[in-house]
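S.K.: Right, I'll just put the structure down here and ask away after.
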Amino acid sequence: MKKILSLVLALSFAAALLAGCGAGSAAGSTPSASAAGSAAASAALSGTVGTNGSTSMEKVIGALSEAFMSANPGVKVTYDPTGSGTGIQAAAAGTTDLGLSSRALKDDEKAGGLTSVTVALDGIAIIVNKANTVGDLTLDQIAGLYTGKITNWKDVGGPDAPVVAEGREAGSGTRDGFESIVKGKEGCK
């Protein structure tokens, strides 16, 4: 029953996210038909669904959980913001119902029986202190700054100052995604 509830929750989250992007009711549907279908689904669902993982999913999972619990008063959704890697591990170990990740599953995670459902896409931004005059960095330059191959801003058109990089915590899906883009491990302090 818990697996079914988890699957229904995941699919409902995805549907709710997509429904929020729509411009109105679908042709042929009526509010009373939708309400009747929702009421029937609400009566059938009860229990607790645990979510664990990505900290960048906090606002999204909060909004989706609130909407889902409002439509399904017999269901309680919990969220433990532990990071993508931990969320994936918890899902694999069966200690949470839904592992939230801001990165794609790796081949070994898929081979272990995990599947993914995309509910949102996000971007990664590189932020430079506003006092730094550098602009328009290439991907190779960003990789060099991140991995420590470039240690002074003057080497990329900025001021003569040391590079001090800060990054996400270990286990972060955003960090993992960024490292896969720059093809290197971080040199952040």
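Residues are named by chain letter and number: chains run A, B, ... in the order of the structure tokens, numbers start at 1 in each chain, and ligands are numbered from 1 in the order shown.
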Determine, counting only C-alpha atoms, which protein, DNA and RNA residues have an atom within 9 Å of an atom of stretch 106-115 of chain A; residues of the same chain fewer than 6 positions away are not included. Present the result as a PyMOL selection string.
M.R.: chain A and resi 88-89+91-92
S.K.: Residues at most 10 Å from A:Gly50, counting only C-alpha atoms, excluding those fewer than 6 positions away in the same chain, as a CSV table (one decimal) with N, CA and C atoms, in the first residue's frame?
M.R.:
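Just written: around-v7.csv:
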```csv
chain,number,residue,atom,x,y,z
A,6,SER,N,3.0,6.1,-2.5
A,6,SER,CA,4.2,6.9,-2.9
A,6,SER,C,4.1,7.2,-4.4
A,76,LYS,N,-0.4,12.4,5.3
A,76,LYS,CA,0.6,13.3,5.8
A,76,LYS,C,1.8,13.1,5.0
A,77,VAL,N,2.4,14.2,4.5
A,77,VAL,CA,3.7,14.2,3.8
A,77,VAL,C,4.7,14.9,4.6
A,78,THR,N,5.8,14.2,4.8
A,78,THR,CA,7.0,14.8,5.6
A,78,THR,C,8.1,15.0,4.6
A,79,TYR,N,9.0,16.0,5.0
A,79,TYR,CA,10.2,16.3,4.2
A,79,TYR,C,11.4,16.4,5.1
A,80,ASP,N,12.4,15.8,4.8
A,80,ASP,CA,13.7,15.8,5.5
A,80,ASP,C,14.8,16.3,4.5
A,91,ALA,N,16.1,6.3,-0.3
A,91,ALA,CA,15.1,5.6,-1.1
A,91,ALA,C,15.6,4.2,-1.5
A,95,THR,N,14.3,3.6,3.6
A,95,THR,CA,14.0,4.3,4.8
A,95,THR,C,13.2,5.6,4.5
A,96,THR,N,12.9,5.9,3.2
A,96,THR,CA,12.0,7.0,2.9
A,96,THR,C,11.2,6.5,1.7
A,97,ASP,N,10.1,7.1,1.5
A,97,ASP,CA,9.2,6.7,0.3
A,97,ASP,C,9.7,7.3,-1.0
A,98,LEU,N,10.1,8.6,-0.9
A,98,LEU,CA,10.5,9.3,-2.1
A,98,LEU,C,11.8,10.0,-1.8
A,99,GLY,N,12.8,9.7,-2.6
A,99,GLY,CA,14.1,10.4,-2.5
A,99,GLY,C,14.1,11.5,-3.5
```
S.K.: Closest to A:Thr118 among A:Gly135, A:Val163, A:Ala63, A:Met57, using only C-alpha atoms?
M.R.: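 Ranking A:Gly135, A:Val163, A:Ala63, A:Met57 by distance to A:Thr118, first place goes to A:Met57.
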S.K.: Might you pull out every residue within 7 Å of A:Ser54, with only C-alpha atoms counted and same-chain residues fewer than 2 positions away left off, and present them as number ranges by chain?
M.R.: A: 56-57, 81-84, 87, 100-102, 173
S.K.: Excluding A:Glu179 and residues on its chain fewer than 2 positions from it, collect all residues at most 12 Å away from it, counting only C-alpha atoms, and give them as a list in words.
M.R.: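 Counting only the stated atoms, we get Arg103, Ile124, Leu139, Ile142, Ala143, Gly144, Tyr146, Thr147, Gly167, Arg168, Ala170, Gly171, Ser172, Gly173, Thr174, Arg175, Asp176, Gly177, Ile181, Val182, Lys183, Gly184, Lys185, Glu186, Gly187 and Cys188 of chain A.
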S.K.: Which one of A:Asn52, A:Ser116, A:Ala131, A:Leu121 sits closest to A:Gly94 if you count only C-alpha atoms?
M.R.: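 Looking only at the distances to A:Gly94, the closest residue turns out to be A:Asn52.
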S.K.: Residues within 12 Å of A:Asn129, please, as a list in words. Count only C-alpha atoms; anything in the same chain fewer than 2 positions from it doesn't count.
M.R.: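 Contacts, in chain order: Ile126, Ile127, Ala131, Asn132, Thr133, Val134, Gly135, Trp153, Gly158, Pro159, Val163, Val164, Ala165 and Glu166 of chain A.
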S.K.: Store the residues picked out above in a file with all heavy atoms, as a short mmCIF file (atom, residue, chain, number, x, y, z; two decimals), in the first residue's frame.
M.R.:
```
data_model
loop_
_atom_site.label_atom_id
_atom_site.label_comp_id
_atom_site.auth_asym_id
_atom_site.auth_seq_id
_atom_site.Cartn_x
_atom_site.Cartn_y
_atom_site.Cartn_z
N ILE A 126 26.61 30.80 -11.64
CA ILE A 126 27.93 31.13 -11.12
C ILE A 126 27.85 32.60 -10.70
O ILE A 126 27.56 33.48 -11.51
CB ILE A 126 29.02 30.96 -12.20
CG1 ILE A 126 28.95 29.60 -12.87
CG2 ILE A 126 30.39 31.25 -11.62
CD1 ILE A 126 29.00 28.43 -11.95
N ILE A 127 28.09 32.86 -9.43
CA ILE A 127 27.99 34.21 -8.91
C ILE A 127 29.38 34.72 -8.56
O ILE A 127 30.15 34.04 -7.88
CB ILE A 127 27.11 34.25 -7.62
CG1 ILE A 127 25.78 33.53 -7.83
CG2 ILE A 127 26.93 35.66 -7.12
CD1 ILE A 127 24.89 34.15 -8.87
N ALA A 131 32.13 43.42 -6.69
CA ALA A 131 33.33 44.26 -6.78
C ALA A 131 34.33 43.70 -7.81
O ALA A 131 35.24 44.41 -8.24
CB ALA A 131 34.00 44.37 -5.41
N ASN A 132 34.15 42.47 -8.22
CA ASN A 132 35.04 41.84 -9.20
C ASN A 132 34.57 42.25 -10.60
O ASN A 132 33.40 42.11 -10.94
CB ASN A 132 34.99 40.32 -9.04
CG ASN A 132 36.04 39.60 -9.85
OD1 ASN A 132 36.38 40.01 -10.94
ND2 ASN A 132 36.54 38.51 -9.31
N THR A 133 35.48 42.74 -11.42
CA THR A 133 35.14 43.25 -12.75
C THR A 133 35.14 42.20 -13.85
O THR A 133 34.88 42.54 -15.01
CB THR A 133 36.11 44.38 -13.15
OG1 THR A 133 37.45 43.85 -13.12
CG2 THR A 133 36.00 45.56 -12.19
N VAL A 134 35.41 40.95 -13.52
CA VAL A 134 35.46 39.91 -14.54
C VAL A 134 34.07 39.72 -15.16
O VAL A 134 33.05 39.92 -14.50
CB VAL A 134 35.98 38.57 -13.95
CG1 VAL A 134 34.95 37.91 -13.07
CG2 VAL A 134 36.41 37.62 -15.06
N GLY A 135 34.05 39.35 -16.43
CA GLY A 135 32.77 39.12 -17.10
C GLY A 135 32.91 38.08 -18.19
O GLY A 135 34.00 37.80 -18.68
N TRP A 153 42.35 36.04 -10.32
CA TRP A 153 41.33 36.60 -11.22
C TRP A 153 41.95 37.28 -12.44
O TRP A 153 41.33 37.36 -13.49
CB TRP A 153 40.42 37.55 -10.46
CG TRP A 153 39.47 36.83 -9.57
CD1 TRP A 153 39.54 36.73 -8.21
CD2 TRP A 153 38.34 36.07 -9.97
NE1 TRP A 153 38.52 35.95 -7.73
CE2 TRP A 153 37.75 35.54 -8.80
CE3 TRP A 153 37.75 35.78 -11.19
CZ2 TRP A 153 36.62 34.74 -8.81
CZ3 TRP A 153 36.62 34.98 -11.22
CH2 TRP A 153 36.07 34.46 -10.04
N GLY A 158 40.08 39.62 -14.78
CA GLY A 158 39.63 40.33 -13.59
C GLY A 158 40.77 41.04 -12.90
O GLY A 158 41.87 41.18 -13.45
N PRO A 159 40.55 41.48 -11.67
CA PRO A 159 41.60 42.19 -10.92
C PRO A 159 42.70 41.22 -10.44
O PRO A 159 42.51 40.00 -10.44
CB PRO A 159 40.83 42.75 -9.71
CG PRO A 159 39.68 41.83 -9.53
CD PRO A 159 39.31 41.36 -10.91
N VAL A 163 41.70 33.84 -6.14
CA VAL A 163 40.37 33.25 -6.28
C VAL A 163 40.04 32.52 -4.99
O VAL A 163 40.83 31.72 -4.50
CB VAL A 163 40.33 32.25 -7.46
CG1 VAL A 163 39.00 31.50 -7.50
CG2 VAL A 163 40.60 32.97 -8.77
N VAL A 164 38.89 32.83 -4.43
CA VAL A 164 38.37 32.10 -3.27
C VAL A 164 37.00 31.59 -3.69
O VAL A 164 36.05 32.35 -3.84
CB VAL A 164 38.25 33.01 -2.02
CG1 VAL A 164 37.67 32.21 -0.86
CG2 VAL A 164 39.60 33.60 -1.66
N ALA A 165 36.92 30.30 -3.93
CA ALA A 165 35.68 29.69 -4.42
C ALA A 165 34.91 29.06 -3.26
O ALA A 165 35.51 28.49 -2.35
CB ALA A 165 35.98 28.64 -5.47
N GLU A 166 33.61 29.19 -3.29
CA GLU A 166 32.74 28.55 -2.32
C GLU A 166 31.74 27.70 -3.08
O GLU A 166 31.29 28.09 -4.15
CB GLU A 166 32.00 29.58 -1.48
CG GLU A 166 32.91 30.39 -0.60
CD GLU A 166 32.17 31.27 0.38
OE1 GLU A 166 31.06 30.89 0.78
OE2 GLU A 166 32.70 32.33 0.71
#
```
S.K.: Any idea what the distance is between atom CA of A:Val117 and atom CA of A:Ser70?
M.R.: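 Pair atom CA of A:Val117 / atom CA of A:Ser70 returns 22.1 Å.
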